[in-house]
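Colleague: Supplied structure: final-v1.cif, mmCIF, C-alpha atoms.
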```cif
data_model
loop_
_atom_site.group_PDB
_atom_site.id
_atom_site.type_symbol
_atom_site.label_atom_id
_atom_site.label_comp_id
_atom_site.auth_asym_id
_atom_site.auth_seq_id
_atom_site.Cartn_x
_atom_site.Cartn_y
_atom_site.Cartn_z
ATOM 1 C CA MET A 15 0.000 0.000 0.000
ATOM 2 C CA SER A 16 1.465 3.323 -1.022
ATOM 3 C CA LEU A 17 1.837 6.435 1.101
ATOM 4 C CA LEU A 18 -0.973 8.239 -0.737
ATOM 5 C CA LEU A 19 -3.597 5.633 0.069
ATOM 6 C CA HIS A 20 -2.375 5.429 3.673
ATOM 7 C CA ASN A 21 -2.771 9.167 4.219
ATOM 8 C CA VAL A 22 -6.148 9.267 2.455
ATOM 9 C CA ILE A 23 -7.490 6.465 4.651
ATOM 10 C CA TRP A 24 -6.399 8.245 7.838
ATOM 11 C CA LEU A 25 -7.987 11.511 6.670
ATOM 12 C CA CYS A 26 -11.262 9.728 5.831
ATOM 13 C CA MET A 27 -11.303 7.985 9.218
ATOM 14 C CA ILE A 28 -10.873 11.293 11.067
ATOM 15 C CA VAL A 29 -13.608 12.997 9.019
ATOM 16 C CA ILE A 30 -16.067 10.140 9.592
ATOM 17 C CA ALA A 31 -15.279 10.168 13.322
ATOM 18 C CA ILE A 32 -16.119 13.898 13.451
ATOM 19 C CA SER A 33 -19.318 13.121 11.534
ATOM 20 C CA ILE A 34 -20.331 10.447 14.065
ATOM 21 C CA LEU A 35 -19.725 12.933 16.898
ATOM 22 C CA MET A 36 -21.996 15.487 15.207
ATOM 23 C CA LEU A 37 -24.726 12.878 14.795
ATOM 24 C CA LEU A 38 -24.317 11.864 18.445
ATOM 25 C CA TYR A 39 -25.073 15.455 19.454
ATOM 26 C CA ARG A 40 -28.301 15.308 17.441
ATOM 27 C CA ALA A 41 -29.177 11.893 18.891
ATOM 28 C CA ILE A 42 -28.817 13.133 22.450
ATOM 29 C CA LYS A 43 -30.281 16.619 22.163
ATOM 30 C CA GLY A 44 -32.804 16.213 19.335
ATOM 31 C CA PRO A 45 -36.077 18.078 19.977
ATOM 32 C CA SER A 46 -38.337 15.097 19.220
ATOM 33 C CA ASN A 47 -38.053 11.336 19.101
ATOM 34 C CA PRO A 48 -38.035 10.964 15.252
ATOM 35 C CA ASP A 49 -34.955 13.244 15.216
ATOM 36 C CA ARG A 50 -33.184 10.722 17.400
ATOM 37 C CA ALA A 51 -34.311 7.876 15.129
ATOM 38 C CA VAL A 52 -32.903 9.654 12.053
ATOM 39 C CA ALA A 53 -29.603 10.319 13.807
ATOM 40 C CA ILE A 54 -29.239 6.700 14.949
ATOM 41 C CA ASP A 55 -30.024 5.403 11.440
ATOM 42 C CA THR A 56 -27.323 7.624 9.958
ATOM 43 C CA ILE A 57 -24.844 6.572 12.670
ATOM 44 C CA GLY A 58 -25.339 3.010 11.394
ATOM 45 C CA ILE A 59 -24.582 4.084 7.818
ATOM 46 C CA ASN A 60 -21.436 5.899 9.004
ATOM 47 C CA LEU A 61 -20.372 2.735 10.811
ATOM 48 C CA ILE A 62 -20.657 0.816 7.525
ATOM 49 C CA ALA A 63 -18.321 3.326 5.856
ATOM 50 C CA MET A 64 -15.897 3.157 8.806
ATOM 51 C CA THR A 65 -15.826 -0.655 8.592
ATOM 52 C CA GLY A 66 -14.980 -0.458 4.900
ATOM 53 C CA LEU A 67 -12.091 1.894 5.686
ATOM 54 C CA VAL A 68 -10.776 -0.453 8.395
ATOM 55 C CA ALA A 69 -11.000 -3.372 5.944
ATOM 56 C CA ILE A 70 -8.843 -1.496 3.418
ATOM 57 C CA GLN A 71 -6.383 -0.408 6.117
ATOM 58 C CA LEU A 72 -5.877 -3.908 7.513
ATOM 59 C CA ASN A 73 -5.978 -5.509 4.017
ATOM 60 C CA THR A 74 -8.358 -8.230 5.126
ATOM 61 C CA THR A 75 -11.612 -9.539 3.668
ATOM 62 C CA ARG A 76 -13.003 -10.922 6.894
ATOM 63 C CA LEU A 77 -14.890 -7.724 7.656
ATOM 64 C CA ASN A 78 -17.263 -8.102 4.689
ATOM 65 C CA ASP A 79 -19.765 -10.076 6.744
ATOM 66 C CA VAL A 80 -19.661 -7.333 9.372
ATOM 67 C CA ILE A 81 -20.694 -4.778 6.734
ATOM 68 C CA LEU A 82 -23.771 -6.788 5.739
ATOM 69 C CA LEU A 83 -24.637 -7.457 9.377
ATOM 70 C CA ILE A 84 -24.498 -3.771 10.383
ATOM 71 C CA GLY A 85 -26.685 -2.868 7.393
ATOM 72 C CA ILE A 86 -29.372 -5.427 8.208
ATOM 73 C CA LEU A 87 -29.412 -4.653 11.941
ATOM 74 C CA THR A 88 -29.662 -0.903 11.321
ATOM 75 C CA PHE A 89 -32.607 -1.383 8.952
ATOM 76 C CA ILE A 90 -34.508 -3.643 11.364
ATOM 77 C CA ALA A 91 -33.825 -1.309 14.296
ATOM 78 C CA THR A 92 -35.080 1.718 12.360
ATOM 79 C CA ILE A 93 -38.278 -0.058 11.300
ATOM 80 C CA ALA A 94 -38.895 -1.188 14.889
ATOM 81 C CA ILE A 95 -38.337 2.315 16.297
ATOM 82 C CA ALA A 96 -40.638 3.869 13.672
ATOM 83 C CA LYS A 97 -43.461 1.411 14.358
ATOM 84 C CA PHE A 98 -43.051 1.878 18.094
ATOM 85 C CA LEU A 99 -43.221 5.649 17.799
ATOM 86 C CA GLU A 100 -46.291 5.465 15.585
ATOM 87 C CA LYS A 101 -48.480 2.907 17.329
ATOM 88 C CA GLY A 102 -46.896 2.079 20.677
ATOM 89 C CA VAL A 103 -46.413 -1.567 19.713
ATOM 90 C CA ILE A 104 -43.963 -3.183 17.323
ATOM 91 C CA ILE A 105 -45.817 -6.343 16.271
ATOM 92 C CA ASP A 106 -49.600 -6.106 16.105
ATOM 93 C CA ARG A 107 -52.134 -8.543 14.710
ATOM 94 C CA SER A 108 -54.689 -6.107 13.332
ATOM 95 C CA ARG A 109 -54.383 -5.430 9.636
ATOM 96 C CA ASP A 110 -54.912 -1.763 8.847
ATOM 97 C CA MET B 18 -2.755 4.536 -11.081
ATOM 98 C CA THR B 19 -5.398 2.385 -9.418
ATOM 99 C CA GLU B 20 -4.515 3.893 -6.044
ATOM 100 C CA VAL B 21 -5.393 7.342 -7.387
ATOM 101 C CA VAL B 22 -8.823 6.062 -8.469
ATOM 102 C CA ILE B 23 -9.377 4.404 -5.078
ATOM 103 C CA SER B 24 -8.316 7.575 -3.253
ATOM 104 C CA VAL B 25 -10.663 9.751 -5.308
ATOM 105 C CA LEU B 26 -13.568 7.395 -4.617
ATOM 106 C CA LEU B 27 -12.774 7.363 -0.888
ATOM 107 C CA LEU B 28 -12.571 11.152 -0.683
ATOM 108 C CA MET B 29 -15.821 11.562 -2.618
ATOM 109 C CA GLY B 30 -17.659 9.099 -0.389
ATOM 110 C CA THR B 31 -16.343 10.698 2.789
ATOM 111 C CA PHE B 32 -17.360 14.145 1.537
ATOM 112 C CA PHE B 33 -20.937 12.993 0.925
ATOM 113 C CA VAL B 34 -21.181 11.224 4.291
ATOM 114 C CA PHE B 35 -19.877 14.342 6.045
ATOM 115 C CA SER B 36 -22.282 16.620 4.184
ATOM 116 C CA SER B 37 -25.202 14.381 5.155
ATOM 117 C CA SER B 38 -24.169 14.576 8.811
ATOM 118 C CA LEU B 39 -23.816 18.363 8.540
ATOM 119 C CA GLY B 40 -27.330 18.511 7.090
ATOM 120 C CA ILE B 41 -28.754 16.509 9.986
ATOM 121 C CA LEU B 42 -27.048 18.868 12.420
ATOM 122 C CA ARG B 43 -28.157 22.100 10.738
ATOM 123 C CA PHE B 44 -31.569 21.647 9.076
ATOM 124 C CA PRO B 45 -34.605 23.046 10.897
ATOM 125 C CA ASP B 46 -37.078 20.154 11.235
ATOM 126 C CA VAL B 47 -37.408 16.368 10.931
ATOM 127 C CA TYR B 48 -38.621 16.221 7.333
ATOM 128 C CA SER B 49 -35.722 18.171 5.853
ATOM 129 C CA ARG B 50 -33.319 16.218 8.059
ATOM 130 C CA LEU B 51 -34.679 13.009 6.491
ATOM 131 C CA HIS B 52 -33.986 14.492 3.073
ATOM 132 C CA ALA B 53 -30.348 14.959 4.087
ATOM 133 C CA ALA B 54 -30.093 11.574 5.785
ATOM 134 C CA THR B 55 -31.326 9.224 3.085
ATOM 135 C CA LYS B 56 -29.902 10.482 -0.198
ATOM 136 C CA SER B 57 -26.405 11.737 0.389
ATOM 137 C CA ALA B 58 -25.527 9.127 3.018
ATOM 138 C CA THR B 59 -26.476 6.423 0.492
ATOM 139 C CA LEU B 60 -24.273 8.004 -2.174
ATOM 140 C CA GLY B 61 -21.364 8.359 0.255
ATOM 141 C CA VAL B 62 -21.449 4.797 1.488
ATOM 142 C CA SER B 63 -21.719 3.628 -2.138
ATOM 143 C CA GLY B 64 -18.480 5.481 -2.910
ATOM 144 C CA VAL B 65 -16.600 3.971 0.026
ATOM 145 C CA MET B 66 -17.852 0.442 -0.715
ATOM 146 C CA LEU B 67 -16.923 0.792 -4.396
ATOM 147 C CA ALA B 68 -13.429 1.902 -3.366
ATOM 148 C CA ALA B 69 -13.084 -1.144 -1.090
ATOM 149 C CA PHE B 70 -14.301 -3.421 -3.922
ATOM 150 C CA LEU B 71 -11.724 -1.984 -6.345
ATOM 151 C CA PHE B 72 -8.985 -2.264 -3.694
ATOM 152 C CA PHE B 73 -9.641 -5.959 -3.105
ATOM 153 C CA LEU B 74 -9.967 -6.527 -6.860
ATOM 154 C CA PHE B 75 -6.568 -5.031 -7.690
ATOM 155 C CA GLU B 76 -4.650 -5.843 -4.506
ATOM 156 C CA GLY B 77 -5.721 -9.399 -3.805
ATOM 157 C CA ASN B 78 -7.235 -10.484 -7.160
ATOM 158 C CA MET B 79 -10.492 -11.235 -5.429
ATOM 159 C CA VAL B 80 -14.038 -10.372 -6.485
ATOM 160 C CA SER B 81 -15.917 -9.693 -3.253
ATOM 161 C CA GLY B 82 -19.624 -9.887 -3.937
ATOM 162 C CA LYS B 83 -20.572 -8.987 -0.387
ATOM 163 C CA LEU B 84 -19.482 -5.364 -0.851
ATOM 164 C CA ILE B 85 -21.695 -5.000 -3.946
ATOM 165 C CA LEU B 86 -24.478 -6.639 -1.951
ATOM 166 C CA GLY B 87 -23.893 -4.082 0.803
ATOM 167 C CA ILE B 88 -24.298 -1.214 -1.686
ATOM 168 C CA LEU B 89 -27.484 -2.790 -3.027
ATOM 169 C CA PHE B 90 -28.879 -3.312 0.469
ATOM 170 C CA VAL B 91 -28.280 0.276 1.596
ATOM 171 C CA LEU B 92 -29.724 1.521 -1.700
ATOM 172 C CA LEU B 93 -32.875 -0.550 -1.100
ATOM 173 C CA THR B 94 -33.461 0.070 2.588
ATOM 174 C CA ALA B 95 -32.620 3.757 3.063
ATOM 175 C CA PRO B 96 -35.781 5.116 1.331
ATOM 176 C CA VAL B 97 -37.991 2.582 3.141
ATOM 177 C CA SER B 98 -36.710 3.551 6.584
ATOM 178 C CA GLY B 99 -36.890 7.250 5.744
ATOM 179 C CA HIS B 100 -40.505 6.897 4.674
ATOM 180 C CA MET B 101 -41.424 4.958 7.832
ATOM 181 C CA ILE B 102 -39.812 7.564 10.109
ATOM 182 C CA SER B 103 -41.461 10.475 8.322
ATOM 183 C CA ARG B 104 -44.891 8.819 8.486
ATOM 184 C CA ALA B 105 -44.449 8.152 12.200
ATOM 185 C CA ALA B 106 -43.340 11.755 12.734
ATOM 186 C CA TYR B 107 -46.340 13.198 10.869
ATOM 187 C CA ARG B 108 -48.878 10.952 12.592
ATOM 188 C CA THR B 109 -47.572 11.710 16.070
ATOM 189 C CA GLY B 110 -47.782 15.425 15.389
ATOM 190 C CA VAL B 111 -44.190 16.588 15.195
ATOM 191 C CA PRO B 112 -44.455 20.261 14.182
ATOM 192 C CA LEU B 113 -43.134 21.516 10.868
ATOM 193 C CA SER B 114 -40.620 24.321 10.628
ATOM 194 C CA GLU B 115 -42.009 27.844 10.784
ATOM 195 C CA ARG B 116 -40.561 28.559 7.369
ATOM 196 C CA THR B 117 -42.741 25.880 5.734
ATOM 197 C CA ILE B 118 -44.953 27.414 3.041
ATOM 198 C CA LYS B 119 -47.450 24.672 2.176
ATOM 199 C CA ASP B 120 -48.690 21.507 3.893
ATOM 200 C CA GLU B 121 -50.485 19.342 1.346
ATOM 201 C CA LEU B 122 -51.004 16.425 3.692
ATOM 202 C CA GLN B 123 -52.977 18.330 6.308
ATOM 203 C CA LYS B 124 -56.412 18.069 4.688
ATOM 204 C CA ARG B 125 -56.106 14.315 4.349
ATOM 205 C CA TYR B 126 -55.437 13.852 8.082
ATOM 206 C CA LYS B 127 -58.077 16.328 9.229
ATOM 207 C CA ASP B 128 -60.433 13.823 10.832
#
```
Can you present the structure in this file as structure tokens?
Modeller:
Amino acid sequence: MSLLLHNVIWLCMIVIAISILMLLYRAIKGPSNPDRAVAIDTIGINLIAMTGLVAIQLNTTRLNDVILLIGILTFIATIAIAKFLEKGVIIDRSRD
Amino acid sequence: MTEVVISVLLLMGTFFVFSSSLGILRFPDVYSRLHAATKSATLGVSGVMLAAFLFFLFEGNMVSGKLILGILFVLLTAPVSGHMISRAAYRTGVPLSERTIKDELQKRYKD
């Protein structure tokens, strides 16, 4: 791995870490509960990008399953939070 | 030469992810924050995943289908989750920004 790619990966990691900190501020302070849900969903997407950067830095392919797993868990968590905020329950039997 | 392409893709993806996070921090209400969260975060993570795919293709001679599957999954699920959150926000009565001009959905939820 050349010096250029090394420096670019460190710069991208620092920028994404700052981005996660900004989203954490919104997730803690956010005026309403859907604001927090949006911030947590985007934290998951930033974690996917960070995992890709770590996989390039370590030159390993064993983190590819982790990428898929974070994506699926973030999606299911967001759907569950949205249904809970809307109706108060996550799984209901009535079809509306 | 391939490292230059990978670096450009990484920088582009990181720029879009950072701009999406800046939009979530700065926009006035939930609905415009969702606009920032779904579109540009998807584009940014697509750039980073494409860079990782090209890196493993040229460095280790390995076609990793899971990274392409990751792009496809984020591309499929980001609009669905954004729509669910915005519907939950509108039905529970989260107020719009005071700079909003027109609310087309209000007369359908009047009852």
Colleague: Quick one: residues within 9 Å of range 18-20 of chain A, all atoms listed in the file counted, chain neighbours fewer than 5 positions away excluded, as an MDAnalysis selection string?
Modeller: (chainID A and resid 25 71) or (chainID B and resid 20:21 23:24)
Colleague: Given the file shown, determine the residues that the PyMOL selection byres ((chain B) within 7 of (chain A)) selects; report them as a short mmCIF file (atom, residue, chain, number, x, y, z; two decimals) with C-alpha atoms, in the frame of the given file.
Modeller:
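Written out: part37.cif:
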```
data_model
loop_
_atom_site.label_atom_id
_atom_site.label_comp_id
_atom_site.auth_asym_id
_atom_site.auth_seq_id
_atom_site.Cartn_x
_atom_site.Cartn_y
_atom_site.Cartn_z
CA GLU B 20 -4.51 3.89 -6.04
CA SER B 24 -8.32 7.58 -3.25
CA LEU B 28 -12.57 11.15 -0.68
CA THR B 31 -16.34 10.70 2.79
CA PHE B 35 -19.88 14.34 6.04
CA SER B 38 -24.17 14.58 8.81
CA LEU B 42 -27.05 18.87 12.42
CA VAL B 47 -37.41 16.37 10.93
CA LEU B 51 -34.68 13.01 6.49
CA ALA B 54 -30.09 11.57 5.78
CA VAL B 62 -21.45 4.80 1.49
CA VAL B 65 -16.60 3.97 0.03
CA MET B 66 -17.85 0.44 -0.72
CA ALA B 69 -13.08 -1.14 -1.09
CA LYS B 83 -20.57 -8.99 -0.39
CA LEU B 84 -19.48 -5.36 -0.85
CA GLY B 87 -23.89 -4.08 0.80
CA VAL B 91 -28.28 0.28 1.60
CA THR B 94 -33.46 0.07 2.59
CA SER B 98 -36.71 3.55 6.58
CA MET B 101 -41.42 4.96 7.83
CA ILE B 102 -39.81 7.56 10.11
CA ALA B 105 -44.45 8.15 12.20
CA ALA B 106 -43.34 11.76 12.73
CA ARG B 108 -48.88 10.95 12.59
CA THR B 109 -47.57 11.71 16.07
#
```
Colleague: Applied to this file, what does the PyMOL selection byres ((chain B and resi 123) around 12) return in terms of residues, put as an mmCIF file with C-alpha atoms, in the coordinates of the input?
Modeller:
```cif
data_model
loop_
_atom_site.group_PDB
_atom_site.id
_atom_site.type_symbol
_atom_site.label_atom_id
_atom_site.label_comp_id
_atom_site.auth_asym_id
_atom_site.auth_seq_id
_atom_site.Cartn_x
_atom_site.Cartn_y
_atom_site.Cartn_z
ATOM 1 C CA TYR B 107 -46.340 13.198 10.869
ATOM 2 C CA ARG B 108 -48.878 10.952 12.592
ATOM 3 C CA GLY B 110 -47.782 15.425 15.389
ATOM 4 C CA PRO B 112 -44.455 20.261 14.182
ATOM 5 C CA LEU B 113 -43.134 21.516 10.868
ATOM 6 C CA LYS B 119 -47.450 24.672 2.176
ATOM 7 C CA ASP B 120 -48.690 21.507 3.893
ATOM 8 C CA GLU B 121 -50.485 19.342 1.346
ATOM 9 C CA LEU B 122 -51.004 16.425 3.692
ATOM 10 C CA LYS B 124 -56.412 18.069 4.688
ATOM 11 C CA ARG B 125 -56.106 14.315 4.349
ATOM 12 C CA TYR B 126 -55.437 13.852 8.082
ATOM 13 C CA LYS B 127 -58.077 16.328 9.229
ATOM 14 C CA ASP B 128 -60.433 13.823 10.832
#
```
Colleague: Which residues, named as in the file, does the PyMOL selection byres ((chain B and resi 75) around 12) pick out? Answer as an MDAnalysis selection string.
Modeller: (chainID A and resid 15 70 73) or (chainID B and resid 18:20 22:23 68:74 76:81)
Colleague: When you draw a straight line from CA of Gly64 in chain B to CA of Lys43 in chain A, how long is it in Å?
Modeller: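 Between these atoms lies a distance of 29.9 Å.
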Colleague: Please give the centre and size of the box around range 34-51 of chain A (axis-aligned, containing every atom listed in the file, 4 Å added per side), with values in Å to one decimal and written as AutoDock Vina command-line options.
Modeller:
```
--center_x -29.0 --center_y 13.0 --center_z 18.3 --size_x 26.6 --size_y 18.2 --size_z 16.4
```
Colleague: What is the distance, in Å and to one decimal place, between CA of Leu60 in chain B and CA of Met29 in chain B?
Modeller: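 According to the coordinates, CA of Leu60 in chain B and CA of Met29 in chain B are separated by 9.2 Å.
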Colleague: Work out how far CA of Ile85 in chain B is from CA of Gly61 in chain B, in Å to one decimal.
Modeller: 14.0 Å
Colleague: Restore all heavy atoms in range 34-45 of chain A and list the result as a CSV table (one decimal), keeping the file's coordinate frame.
Modeller:
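Contents of selection-v5.csv, freshly written:
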```csv
chain,number,residue,atom,x,y,z
A,34,ILE,N,-19.6,11.2,13.1
A,34,ILE,CA,-20.3,10.4,14.1
A,34,ILE,C,-20.5,11.3,15.3
A,34,ILE,O,-21.6,11.2,16.0
A,34,ILE,CB,-19.6,9.1,14.3
A,34,ILE,CG1,-19.7,8.2,13.1
A,34,ILE,CG2,-20.2,8.4,15.5
A,34,ILE,CD1,-19.0,6.9,13.3
A,35,LEU,N,-19.5,12.1,15.7
A,35,LEU,CA,-19.7,12.9,16.9
A,35,LEU,C,-20.8,13.9,16.7
A,35,LEU,O,-21.7,14.2,17.6
A,35,LEU,CB,-18.4,13.7,17.2
A,35,LEU,CG,-17.4,12.8,18.0
A,35,LEU,CD1,-16.2,13.7,18.2
A,35,LEU,CD2,-18.0,12.4,19.3
A,36,MET,N,-20.9,14.5,15.5
A,36,MET,CA,-22.0,15.5,15.2
A,36,MET,C,-23.4,14.8,15.3
A,36,MET,O,-24.3,15.4,15.8
A,36,MET,CB,-21.8,16.1,13.8
A,36,MET,CG,-20.7,17.2,13.8
A,36,MET,SD,-20.0,17.4,12.2
A,36,MET,CE,-21.4,17.8,11.2
A,37,LEU,N,-23.4,13.6,14.7
A,37,LEU,CA,-24.7,12.9,14.8
A,37,LEU,C,-25.1,12.5,16.2
A,37,LEU,O,-26.3,12.4,16.6
A,37,LEU,CB,-24.7,11.6,13.9
A,37,LEU,CG,-24.6,11.9,12.5
A,37,LEU,CD1,-24.4,10.6,11.7
A,37,LEU,CD2,-26.0,12.4,12.0
A,38,LEU,N,-24.1,12.2,17.0
A,38,LEU,CA,-24.3,11.9,18.4
A,38,LEU,C,-24.9,13.0,19.2
A,38,LEU,O,-25.8,12.9,20.1
A,38,LEU,CB,-23.0,11.4,19.1
A,38,LEU,CG,-23.1,10.4,20.2
A,38,LEU,CD1,-23.8,9.2,19.7
A,38,LEU,CD2,-21.7,10.1,20.7
A,39,TYR,N,-24.5,14.3,18.9
A,39,TYR,CA,-25.1,15.5,19.5
A,39,TYR,C,-26.6,15.5,19.1
A,39,TYR,O,-27.4,15.8,20.0
A,39,TYR,CB,-24.3,16.7,18.9
A,39,TYR,CG,-25.0,18.0,19.3
A,39,TYR,CD1,-24.9,18.5,20.6
A,39,TYR,CD2,-25.8,18.7,18.4
A,39,TYR,CE1,-25.5,19.7,21.0
A,39,TYR,CE2,-26.4,19.9,18.8
A,39,TYR,CZ,-26.2,20.4,20.0
A,39,TYR,OH,-26.8,21.5,20.4
A,40,ARG,N,-26.9,15.3,17.8
A,40,ARG,CA,-28.3,15.3,17.4
A,40,ARG,C,-29.1,14.2,18.1
A,40,ARG,O,-30.3,14.3,18.5
A,40,ARG,CB,-28.4,15.2,15.9
A,40,ARG,CG,-29.8,15.3,15.4
A,40,ARG,CD,-30.5,16.5,15.8
A,40,ARG,NE,-30.0,17.7,15.2
A,40,ARG,CZ,-30.3,18.9,15.7
A,40,ARG,NH1,-31.1,19.0,16.7
A,40,ARG,NH2,-29.8,20.0,15.1
A,41,ALA,N,-28.5,13.0,18.3
A,41,ALA,CA,-29.2,11.9,18.9
A,41,ALA,C,-29.4,12.1,20.4
A,41,ALA,O,-30.4,11.6,20.9
A,41,ALA,CB,-28.4,10.6,18.7
A,42,ILE,N,-28.6,12.9,21.0
A,42,ILE,CA,-28.8,13.1,22.4
A,42,ILE,C,-29.8,14.3,22.6
A,42,ILE,O,-30.7,14.2,23.4
A,42,ILE,CB,-27.5,13.4,23.2
A,42,ILE,CG1,-26.6,12.1,23.2
A,42,ILE,CG2,-27.7,13.9,24.6
A,42,ILE,CD1,-25.3,12.3,23.7
A,43,LYS,N,-29.5,15.4,21.9
A,43,LYS,CA,-30.3,16.6,22.2
A,43,LYS,C,-31.6,16.7,21.5
A,43,LYS,O,-32.6,17.2,22.0
A,43,LYS,CB,-29.4,17.8,21.8
A,43,LYS,CG,-30.0,19.1,22.2
A,43,LYS,CD,-29.1,20.3,21.9
A,43,LYS,CE,-29.8,21.6,22.2
A,43,LYS,NZ,-31.0,21.8,21.3
A,44,GLY,N,-31.7,16.1,20.3
A,44,GLY,CA,-32.8,16.2,19.3
A,44,GLY,C,-34.2,16.6,19.9
A,44,GLY,O,-34.6,16.0,20.9
A,45,PRO,N,-34.9,17.6,19.3
A,45,PRO,CA,-36.1,18.1,20.0
A,45,PRO,C,-37.2,17.0,20.1
A,45,PRO,O,-37.9,17.1,21.0
A,45,PRO,CB,-36.5,19.2,19.1
A,45,PRO,CG,-35.3,19.5,18.3
A,45,PRO,CD,-34.5,18.3,18.1
```
